[in-house]
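Enquirer: Next comes the structure file structure-v2.txt, holding compact mmCIF, C-alpha atoms and all ligand atoms.
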# COMPACT_ATOMS: atom_id res chain seq x y z
CA MET A 1 0.00 0.00 0.00
CA LYS A 2 1.43 3.39 -1.03
CA VAL A 3 1.00 6.16 1.52
CA GLY A 4 1.23 9.76 0.31
CA ILE A 5 1.70 12.82 2.52
CA ILE A 6 1.13 16.29 1.08
CA GLY A 7 2.50 19.12 3.24
CA PHE A 8 5.69 18.64 5.22
CA GLY A 9 5.14 21.03 8.12
CA SER A 10 4.61 20.18 11.78
CA MET A 11 2.00 17.42 11.24
CA GLY A 12 3.18 16.06 7.88
CA ARG A 13 6.75 15.66 9.07
CA MET A 14 5.68 14.07 12.36
CA MET A 15 3.43 11.52 10.65
CA ALA A 16 5.95 10.71 7.93
CA GLU A 17 8.70 10.18 10.52
CA LYS A 18 6.44 7.96 12.64
CA PHE A 19 5.35 5.82 9.65
CA ALA A 20 8.97 5.37 8.57
CA ALA A 21 10.47 4.80 12.04
CA SER A 22 7.81 2.24 12.98
CA GLY A 23 8.72 0.23 9.87
CA LEU A 24 5.07 0.29 8.78
CA VAL A 25 5.81 2.03 5.49
CA SER A 26 8.94 1.35 3.44
CA LYS A 27 10.93 4.05 1.66
CA ASN A 28 9.40 3.12 -1.72
CA SER A 29 5.85 3.19 -0.35
CA LEU A 30 6.08 6.47 1.57
CA LEU A 31 5.56 9.33 -0.89
CA LEU A 32 6.06 12.97 0.06
CA ALA A 33 5.25 16.28 -1.61
CA SER A 34 5.32 19.80 -0.21
CA ARG A 35 5.32 23.42 -1.34
CA SER A 36 8.97 24.05 -0.40
CA PRO A 37 10.92 21.07 -1.81
CA GLU A 38 14.13 22.10 0.00
CA LYS A 39 12.46 21.11 3.32
CA LEU A 40 12.18 17.53 2.01
CA LYS A 41 15.92 17.12 1.35
CA ASP A 42 16.71 15.11 4.50
CA ALA A 43 13.61 12.93 4.14
CA LYS A 44 14.99 11.48 0.88
CA LYS A 45 16.97 8.99 3.02
CA TRP A 46 13.80 7.26 4.24
CA ALA A 47 10.97 8.36 1.90
CA THR A 48 10.31 8.99 -1.78
CA VAL A 49 9.96 12.63 -2.72
CA THR A 50 7.61 13.13 -5.67
CA GLY A 51 7.73 15.91 -8.25
CA SER A 52 4.26 17.32 -7.55
CA ASN A 53 1.08 16.86 -5.52
CA ALA A 54 -0.63 15.39 -8.60
CA GLU A 55 2.19 12.88 -9.16
CA LEU A 56 1.90 11.78 -5.52
CA ALA A 57 -1.89 11.45 -5.81
CA ALA A 58 -1.61 9.28 -8.93
CA SER A 59 0.44 6.65 -7.07
CA SER A 60 -1.03 6.69 -3.55
CA ASP A 61 -3.65 4.42 -1.97
CA ILE A 62 -4.01 6.80 0.98
CA VAL A 63 -3.28 10.53 0.71
CA PHE A 64 -2.82 12.56 3.90
CA LEU A 65 -3.44 16.28 3.41
CA CYS A 66 -1.33 17.89 6.14
CA LEU A 67 -2.29 21.41 5.10
CA ARG A 68 -3.62 24.57 6.65
CA PRO A 69 -7.32 25.13 5.76
CA PHE A 70 -6.62 27.97 3.30
CA ASP A 71 -4.31 25.71 1.25
CA LEU A 72 -6.73 22.78 1.14
CA LYS A 73 -9.06 23.80 -1.70
CA GLY A 74 -6.24 24.50 -4.15
CA VAL A 75 -4.54 21.17 -3.45
CA LEU A 76 -7.83 19.21 -3.68
CA GLU A 77 -8.50 20.74 -7.10
CA GLU A 78 -4.91 20.07 -8.14
CA ILE A 79 -5.06 16.35 -7.28
CA ARG A 80 -8.67 15.43 -8.10
CA ASP A 81 -8.03 14.30 -11.69
CA SER A 82 -4.96 12.25 -10.69
CA LEU A 83 -6.39 10.34 -7.73
CA LYS A 84 -6.93 6.62 -8.25
CA GLU A 85 -10.55 5.50 -8.01
CA ASN A 86 -10.19 3.80 -4.64
CA THR A 87 -7.82 6.16 -2.89
CA LEU A 88 -8.70 7.26 0.64
CA VAL A 89 -8.20 11.00 1.11
CA VAL A 90 -7.44 12.04 4.69
CA SER A 91 -7.63 15.65 5.81
CA LEU A 92 -5.76 16.65 8.97
CA ASN A 93 -7.96 19.70 9.24
CA GLY A 94 -11.06 19.49 11.41
CA SER A 95 -12.66 22.79 10.33
CA VAL A 96 -13.51 22.02 6.71
CA SER A 97 -16.65 19.87 6.34
CA PHE A 98 -16.83 16.60 4.42
CA LYS A 99 -19.28 18.32 2.12
CA ASN A 100 -16.76 20.99 1.06
CA LEU A 101 -13.92 18.46 0.78
CA GLU A 102 -16.13 16.31 -1.46
CA LYS A 103 -17.19 19.30 -3.54
CA SER A 104 -13.60 20.30 -4.26
CA LEU A 105 -12.67 16.76 -5.23
CA SER A 106 -15.58 16.61 -7.65
CA ASP A 107 -16.18 18.40 -10.93
CA ALA A 108 -18.92 20.85 -11.89
CA SER A 109 -21.51 18.05 -12.00
CA TYR A 110 -21.49 17.93 -8.16
CA GLU A 111 -24.22 20.51 -7.64
CA VAL A 112 -26.40 19.16 -10.47
CA GLU A 113 -26.22 15.61 -9.09
CA GLU A 114 -26.78 16.78 -5.52
CA ALA A 115 -29.88 18.73 -6.62
CA SER A 116 -31.25 15.62 -8.33
CA GLY A 117 -30.91 13.62 -5.11
CA LYS A 118 -27.97 11.42 -6.23
CA ASN A 119 -24.86 10.84 -4.13
CA PRO A 120 -22.66 13.20 -6.13
CA ALA A 121 -19.36 12.32 -4.46
CA PRO A 122 -18.05 8.78 -4.57
CA HIS A 123 -14.81 9.85 -2.85
CA LYS A 124 -13.65 8.15 0.29
CA ILE A 125 -12.67 10.82 2.80
CA ALA A 126 -11.56 10.72 6.43
CA LYS A 127 -10.57 13.43 8.89
CA VAL A 128 -7.79 12.73 11.35
CA ILE A 129 -6.73 14.92 14.29
CA PRO A 130 -3.55 13.81 16.05
CA SER A 131 -2.23 15.28 19.28
CA VAL A 132 1.30 16.48 19.98
CA THR A 133 1.56 13.48 22.36
CA ALA A 134 2.03 11.39 19.19
CA GLU A 135 5.69 12.42 19.57
CA VAL A 136 5.87 9.89 22.42
CA ASP A 137 3.47 7.42 20.75
CA ARG A 138 0.64 8.39 23.14
CA SER A 139 -1.67 10.35 20.84
CA GLN A 140 -5.42 9.99 21.29
CA THR A 141 -5.91 10.51 17.57
CA LEU A 142 -9.44 11.44 16.50
CA VAL A 143 -10.83 10.02 13.31
CA CYS A 144 -14.11 10.37 11.43
CA TYR A 145 -15.21 9.06 8.04
CA ASN A 146 -17.64 9.97 5.30
CA ASP A 147 -20.16 7.35 4.17
CA ASN A 148 -18.00 6.01 1.33
CA VAL A 149 -15.15 4.75 3.54
CA THR A 150 -15.18 0.94 3.78
CA THR A 151 -14.35 -1.30 6.73
CA GLU A 152 -11.16 -2.30 4.91
CA ASP A 153 -10.12 1.38 4.54
CA LYS A 154 -10.78 1.93 8.26
CA GLY A 155 -8.60 -1.09 9.09
CA ASN A 156 -5.75 0.17 6.88
CA LEU A 157 -5.91 3.63 8.41
CA LYS A 158 -6.04 2.21 11.93
CA ARG A 159 -2.96 0.02 11.31
CA LEU A 160 -1.04 3.10 10.22
CA LEU A 161 -2.17 5.52 12.91
CA THR A 162 -1.72 3.23 15.90
CA CYS A 163 2.05 3.79 15.59
CA MET A 164 1.25 7.21 17.16
CA GLY A 165 -1.05 5.94 19.93
CA ASP A 166 -4.77 5.18 20.25
CA LEU A 167 -7.51 5.95 17.75
CA ILE A 168 -10.90 7.39 18.74
CA GLU A 169 -13.72 7.43 16.19
CA LEU A 170 -16.15 10.33 16.51
CA PRO A 171 -19.03 11.65 14.41
CA GLU A 172 -18.17 14.81 12.44
CA LYS A 173 -20.25 17.05 14.74
CA GLU A 174 -18.20 15.99 17.81
CA LEU A 175 -14.82 16.67 16.24
CA GLY A 176 -14.73 20.19 17.75
CA MET A 177 -15.08 19.23 21.42
CA GLY A 178 -13.06 16.08 20.70
CA SER A 179 -10.19 18.30 19.55
CA GLU A 180 -10.45 20.41 22.72
CA LEU A 181 -10.14 17.23 24.80
CA VAL A 182 -7.13 15.65 23.10
CA SER A 183 -5.45 18.08 20.71
CA CYS A 184 -5.75 21.29 22.78
CA MET A 185 -5.66 19.53 26.16
CA PRO A 186 -1.82 19.25 26.39
CA GLY A 187 -1.77 23.06 26.18
CA PHE A 188 -4.53 23.45 28.78
CA ILE A 189 -2.85 20.97 31.14
CA ALA A 190 0.56 22.61 30.71
CA SER A 191 -0.81 26.10 31.37
CA VAL A 192 -2.73 25.01 34.50
CA PHE A 193 0.36 23.31 35.94
CA ASP A 194 2.56 26.25 34.95
CA VAL A 195 0.33 28.48 37.11
CA LEU A 196 0.41 25.96 39.99
CA VAL A 197 4.20 25.63 39.87
CA LYS A 198 4.77 29.42 39.74
CA SER A 199 2.50 29.82 42.75
CA ALA A 200 4.21 27.03 44.70
CA GLU A 201 7.61 28.61 44.01
CA GLU A 202 6.60 31.72 45.92
CA HIS A 203 6.78 29.54 49.05
CA THR A 204 9.85 27.32 48.52
CA GLU A 205 13.55 27.32 47.74
CA ILE A 206 13.44 23.93 46.01
CA PRO A 207 15.09 24.51 42.58
CA HIS A 208 12.68 25.12 39.67
CA ASP A 209 13.70 22.02 37.69
CA GLN A 210 13.12 19.83 40.72
CA VAL A 211 9.70 21.37 41.41
CA VAL A 212 8.66 20.80 37.79
CA ARG A 213 9.87 17.20 37.89
CA MET A 214 8.06 16.49 41.17
CA VAL A 215 4.80 17.88 39.79
CA LEU A 216 5.15 16.19 36.39
CA GLN A 217 5.90 12.75 37.80
CA THR A 218 3.00 13.11 40.24
CA MET A 219 0.70 14.19 37.41
CA ILE A 220 1.67 11.21 35.22
CA ALA A 221 1.39 8.80 38.16
CA THR A 222 -2.04 10.19 39.09
CA GLY A 223 -3.27 9.52 35.56
CA GLU A 224 -1.87 5.99 35.61
CA LEU A 225 -3.36 5.37 39.05
CA MET A 226 -6.80 6.40 37.78
CA LEU A 227 -6.54 4.29 34.61
CA LYS A 228 -5.11 1.18 36.30
CA LYS A 229 -7.37 1.25 39.37
CA ASP A 230 -10.42 2.51 37.47
CA MET A 231 -10.68 5.58 39.75
CA SER A 232 -12.57 8.79 38.94
CA PHE A 233 -11.18 12.28 39.63
CA GLU A 234 -13.49 12.46 42.64
CA ASP A 235 -12.16 9.09 43.90
CA VAL A 236 -8.64 10.52 43.92
CA VAL A 237 -9.78 13.69 45.70
CA THR A 238 -11.64 11.66 48.36
CA ARG A 239 -8.64 9.36 48.80
CA VAL A 240 -6.15 12.20 49.35
CA ALA A 241 -8.25 14.93 50.94
CA THR A 242 -9.18 13.64 54.37
CA PRO A 243 -12.03 15.69 55.90
CA GLY A 244 -10.64 18.63 57.87
CA GLY A 245 -7.12 17.97 56.52
CA ILE A 246 -4.61 20.06 54.58
CA THR A 247 -5.35 18.74 51.06
CA GLU A 248 -9.05 19.44 51.56
CA GLU A 249 -8.26 23.14 52.10
CA GLY A 250 -6.71 23.18 48.64
CA THR A 251 -9.30 21.07 46.81
CA LYS A 252 -12.08 23.26 48.28
CA VAL A 253 -10.46 26.31 46.65
CA VAL A 254 -10.30 24.51 43.29
CA TYR A 255 -13.96 23.41 43.43
CA GLU A 256 -15.09 26.88 44.53
CA GLN A 257 -13.01 29.06 42.21
CA PHE A 258 -11.88 27.04 39.19
CA PRO A 259 -15.29 26.17 37.60
CA GLU A 260 -15.74 29.75 36.38
CA THR A 261 -12.27 29.71 34.73
CA ALA A 262 -13.04 26.35 33.08
CA ARG A 263 -16.43 27.61 31.88
CA VAL A 264 -14.89 30.72 30.30
CA LEU A 265 -12.06 28.64 28.79
CA PHE A 266 -14.42 26.37 26.82
CA GLU A 267 -16.74 29.24 25.96
CA LYS A 268 -13.80 31.12 24.40
CA THR A 269 -12.17 28.15 22.63
CA LEU A 270 -15.45 26.92 21.16
CA GLN A 271 -16.28 30.45 20.00
CA LYS A 272 -12.86 30.69 18.34
CA ARG A 273 -13.33 27.25 16.79
CA LYS A 274 -16.63 28.36 15.22
CA LEU A 275 -15.01 31.48 13.79
CA THR A 276 -12.06 29.48 12.41
CA ALA A 277 -14.43 26.98 10.80
CA LYS A 278 -16.46 29.82 9.26
CA LYS A 279 -13.32 31.37 7.76
CA ALA A 280 -12.10 27.96 6.51
CA GLU A 281 -15.46 27.14 4.94
CA ALA A 282 -15.55 30.58 3.28
CA GLN A 283 -12.53 29.54 1.16
CA PHE A 284 -14.78 26.94 -0.45
CA GLU A 285 -17.63 29.26 -1.48
N1 LIG B 1 -0.10 21.42 14.67
C1 LIG B 1 -0.93 20.65 15.38
O1 LIG B 1 -0.70 20.36 16.59
C2 LIG B 1 -2.16 20.06 14.73
C3 LIG B 1 -2.88 19.07 15.41
C4 LIG B 1 -3.98 18.48 14.74
C5 LIG B 1 -4.35 18.93 13.46
N2 LIG B 1 -3.64 19.95 12.87
C6 LIG B 1 -4.06 20.38 11.52
O2 LIG B 1 -3.09 19.87 10.60
C7 LIG B 1 -3.01 20.74 9.47
C8 LIG B 1 -1.55 21.06 9.22
O3 LIG B 1 -1.04 21.75 10.35
P1 LIG B 1 0.53 21.97 10.55
O4 LIG B 1 0.66 22.48 11.95
O5 LIG B 1 1.27 20.78 10.12
O6 LIG B 1 0.77 23.17 9.49
P2 LIG B 1 2.18 23.66 8.90
O7 LIG B 1 3.27 23.37 9.85
O8 LIG B 1 1.96 25.07 8.43
O9 LIG B 1 2.39 22.74 7.61
C9 LIG B 1 1.67 22.90 6.42
C10 LIG B 1 2.55 22.39 5.28
O10 LIG B 1 1.80 22.43 4.08
C11 LIG B 1 2.67 22.90 3.04
N3 LIG B 1 1.88 23.43 1.92
C12 LIG B 1 1.17 24.58 1.86
N4 LIG B 1 0.59 24.72 0.64
C13 LIG B 1 0.95 23.62 -0.06
C14 LIG B 1 0.67 23.19 -1.38
N5 LIG B 1 -0.07 23.91 -2.23
N6 LIG B 1 1.21 22.01 -1.80
C15 LIG B 1 1.99 21.26 -0.96
N7 LIG B 1 2.28 21.62 0.30
C16 LIG B 1 1.77 22.79 0.74
C17 LIG B 1 3.48 23.95 3.73
O11 LIG B 1 4.62 24.27 2.95
P3 LIG B 1 5.69 25.40 3.38
O12 LIG B 1 6.71 24.64 4.17
O13 LIG B 1 6.19 25.94 2.10
O14 LIG B 1 4.95 26.41 4.20
C18 LIG B 1 3.80 23.25 5.04
O15 LIG B 1 4.92 22.40 4.90
C19 LIG B 1 -3.84 21.98 9.80
O16 LIG B 1 -5.05 21.95 9.09
C20 LIG B 1 -4.08 21.88 11.30
O17 LIG B 1 -5.32 22.43 11.66
C21 LIG B 1 -2.54 20.49 13.45
Would you mind writing the file's structure down as C-alpha cells?
Ligand SMILES: NC(=O)c1ccc[n+]([C@@H]2O[C@H](COP(=O)([O-])OP(=O)(O)OC[C@H]3O[C@@H](n4cnc5c(N)ncnc54)[C@H](OP(=O)(O)O)[C@@H]3O)[C@@H](O)[C@H]2O)c1

Expert:
Amino acid sequence: MKVGIIGFGSMGRMMAEKFAASGLVSKNSLLLASRSPEKLKDAKKWATVTGSNAELAASSDIVFLCLRPFDLKGVLEEIRDSLKENTLVVSLNGSVSFKNLEKSLSDASYEVEEASGKNPAPHKIAKVIPSVTAEVDRSQTLVCYNDNVTTEDKGNLKRLLTCMGDLIELPEKELGMGSELVSCMPGFIASVFDVLVKSAEEHTEIPHDQVVRMVLQTMIATGELMLKKDMSFEDVVTRVATPGGITEEGTKVVYEQFPETARVLFEKTLQKRKLTAKKAEAQFE
C-alpha cells in the first residue's frame, strides 16, 4: 500500500517520521510532496519525494493532506483528476466539512447531481486529528469518516495511525469538542500546571527544575493510578483529601473558584473554533 503525505510542516513531518520509524511504510511506499521542496531534502533517506502533488496522488492508496485550511481547496482541485478511483483522502484539518472536501474533489456536475438527489461524491474521505503526544506514541488521535469509507479502509488507516497511539472514532459534529479534549488539552494541562508551579515557588527554595519534575511525575502517576485502578477524579480527591485535613483546604479552593475559569475557557475556545471553521469554509464558497 502506497502512503502519500502532502505538506511537510509540523503534522506532515511528524506523521511521515512515525510511519517510517515504525517500519510500517517502506521508503518506496512512503511518498512525500510539499510546497517548499528544500524542506524535504533530509527525508529522501527514508521516503520517496515526488515531483508534484498530482504525481503523488496518482500513485497513492491513501493521501494525507497535512495542510492549513486555506491551502486545502487548491490542493484538492490540483489532485482530483490524478487520484486513483479507490484512494482514501485524509484531511488533517477538522474545520472544513466533508461536504466541502467532497465538492472540491468533484467536478462541476457535483451541484447538479446533488440537486437531483444522487450521491454526487463517490470519494472516500476521512478526517484525522492527532495530538502532539504522538511524539511519544501516546496520541489519542481522533478520526471520522464519510459514508464512502469501507471497513477495509478503516482497518488500513487504523494500522497506520496506531504507531502514534490510540484511535478514537467520533461523528463529524463531535470533532470540535473532541479536539479540545485531546489536541488542545496538552496546552490546557501545561498552562494550569505552569500556574500551579509558579504559585508554589513563591513559598519554597526547592530549585525550579526539581519542582517541575516532582509535579510532572505526580501528574503522570495520578493519571496511571486512575486508569489502572479505574478511579474517577473524585475518587482521587476523596482518597487524598481527608475531611478537615490540609489537602481538603486546597481542593475546596479549586472546586469553589476554578469552575468559572473552566467555563470561560471552553466558551472562548469553542467560539474561536466556530469562527475558524467559518473562515475555513468561506474559502470553499
Ligand atoms: N499542529 C498541530 O498540533 C495540529 C494538530 C492536529 C491537526 N492539525 C491540523 O493539521 C493541518 C496542518 O497543520 P501543521 O501544523 O502541520 O501546518 P504547517 O506546519 O503550516 O504545515 C503545512 C505544510 O503544508 C505545506 N503546503 C502549503 N501549501 C501547499 C501546497 N499547495 N502544496 C503542498 N504543500 C503545501 C506547507 O509548505 P511550506 O513549508 O512551504 O509552508 C507546510 O509544509 C492543519 O489543518 C491543522 O489544523 C494540526

Enquirer: If you count all atoms listed in the file, which residues end up within 10 Å of ligand LIG 1 (chain B), as an MDAnalysis selection string?

Expert: chainID A and resid 5:15 32:40 52:54 64:76 78 91:96 127:134 141:142 179 182:184 186 276 280

Enquirer: I'd like the interatomic distance between atom CA of A:Arg159 and atom CA of A:Phe19, to a tenth of an Å.

Expert: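 Between atom CA of A:Arg159 and atom CA of A:Phe19 the gap works out to 10.3 Å.
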
Enquirer: Give me, as a list in words, all polymer residues having an atom no more than 12 Å from A:Val211, counting only C-alpha atoms and skipping those fewer than 2 positions away in the same chain.

Expert: Phe193, Asp194, Leu196, Val197, Lys198, Ser199, Ala200, Glu201, Glu202, His203, Thr204, Glu205, Ile206, Pro207, His208, Asp209, Arg213, Met214, Val215, Leu216, Gln217 and Thr218 of chain A

Enquirer: Pick the closest to A:Thr222 from A:Met185, A:Val254, A:Glu135, A:Val237: which is it, counting all atoms listed in the file?

Expert: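 Nearest candidate to A:Thr222 out of A:Met185, A:Val254, A:Glu135, A:Val237: A:Val237.
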
Enquirer: Go through A:Thr162, A:Ser106, A:Thr87, A:Ser22 and flag the residue nearest A:Ser139, using all atoms listed in the file for the distances.

Expert: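 Using all atoms listed in the file, A:Ser139 sits closest to A:Thr162.
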
Enquirer: Counting all atoms listed in the file, what is within 10 Å of A:Glu172, bar same-chain residues fewer than 3 positions away, as a list in words?

Expert: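 Skipping anything fewer than 3 positions along the chain leaves Gly94, Ser95, Ser97, Phe98, Ala126, Lys127, Val143, Cys144, Tyr145, Asn146, Glu169, Leu175, Gly176 and Gly178 of chain A.
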
Enquirer: Restricting the calculation to only C-alpha atoms: of A:Glu77, A:Glu85, A:Glu55, A:Asp153, which residue gets closest to A:Leu105?

Expert: A:Glu77

Enquirer: Kindly add N, CA and C atoms to the incomplete stretch 251-276 of chain A and provide the output as a compact mmCIF listing (two decimals), in the coordinates of the input.

Expert:
# COMPACT_ATOMS: atom_id res chain seq x y z
N THR A 251 -8.31 21.54 47.80
CA THR A 251 -9.30 21.07 46.81
C THR A 251 -10.59 21.90 46.91
N LYS A 252 -10.88 22.40 48.12
CA LYS A 252 -12.08 23.26 48.28
C LYS A 252 -11.92 24.53 47.43
N VAL A 253 -10.71 25.09 47.45
CA VAL A 253 -10.46 26.31 46.65
C VAL A 253 -10.68 26.02 45.17
N VAL A 254 -10.15 24.86 44.71
CA VAL A 254 -10.30 24.51 43.29
C VAL A 254 -11.78 24.37 42.94
N TYR A 255 -12.54 23.61 43.75
CA TYR A 255 -13.96 23.41 43.43
C TYR A 255 -14.78 24.69 43.54
N GLU A 256 -14.33 25.62 44.39
CA GLU A 256 -15.09 26.88 44.53
C GLU A 256 -14.72 27.88 43.42
N GLN A 257 -13.43 27.95 43.07
CA GLN A 257 -13.01 29.06 42.21
C GLN A 257 -12.67 28.68 40.76
N PHE A 258 -12.34 27.40 40.53
CA PHE A 258 -11.88 27.04 39.19
C PHE A 258 -13.02 26.83 38.17
N PRO A 259 -14.24 26.40 38.60
CA PRO A 259 -15.29 26.17 37.60
C PRO A 259 -15.55 27.36 36.68
N GLU A 260 -15.48 28.57 37.21
CA GLU A 260 -15.74 29.75 36.38
C GLU A 260 -14.65 29.88 35.30
N THR A 261 -13.38 29.64 35.70
CA THR A 261 -12.27 29.71 34.73
C THR A 261 -12.48 28.65 33.64
N ALA A 262 -12.85 27.43 34.06
CA ALA A 262 -13.04 26.35 33.08
C ALA A 262 -14.21 26.67 32.14
N ARG A 263 -15.26 27.26 32.71
CA ARG A 263 -16.43 27.61 31.88
C ARG A 263 -16.03 28.63 30.81
N VAL A 264 -15.30 29.67 31.24
CA VAL A 264 -14.89 30.72 30.30
C VAL A 264 -13.93 30.13 29.25
N LEU A 265 -13.03 29.25 29.71
CA LEU A 265 -12.06 28.64 28.79
C LEU A 265 -12.78 27.98 27.61
N PHE A 266 -13.75 27.08 27.91
CA PHE A 266 -14.42 26.37 26.82
C PHE A 266 -15.33 27.29 26.00
N GLU A 267 -15.90 28.29 26.69
CA GLU A 267 -16.74 29.24 25.96
C GLU A 267 -15.88 29.94 24.90
N LYS A 268 -14.68 30.37 25.32
CA LYS A 268 -13.80 31.12 24.40
C LYS A 268 -13.26 30.23 23.30
N THR A 269 -12.79 29.00 23.66
CA THR A 269 -12.17 28.15 22.63
C THR A 269 -13.21 27.69 21.62
N LEU A 270 -14.43 27.39 22.10
CA LEU A 270 -15.45 26.92 21.16
C LEU A 270 -15.91 28.05 20.24
N GLN A 271 -15.92 29.27 20.80
CA GLN A 271 -16.28 30.45 20.00
C GLN A 271 -15.23 30.63 18.88
N LYS A 272 -13.97 30.53 19.29
CA LYS A 272 -12.86 30.69 18.34
C LYS A 272 -12.89 29.59 17.28
N ARG A 273 -13.24 28.39 17.72
CA ARG A 273 -13.33 27.25 16.79
C ARG A 273 -14.40 27.51 15.72
N LYS A 274 -15.54 28.06 16.16
CA LYS A 274 -16.63 28.36 15.22
C LYS A 274 -16.18 29.38 14.17
N LEU A 275 -15.49 30.41 14.68
CA LEU A 275 -15.01 31.48 13.79
C LEU A 275 -13.99 30.93 12.79
N THR A 276 -13.08 30.08 13.28
CA THR A 276 -12.06 29.48 12.41
C THR A 276 -12.71 28.63 11.34
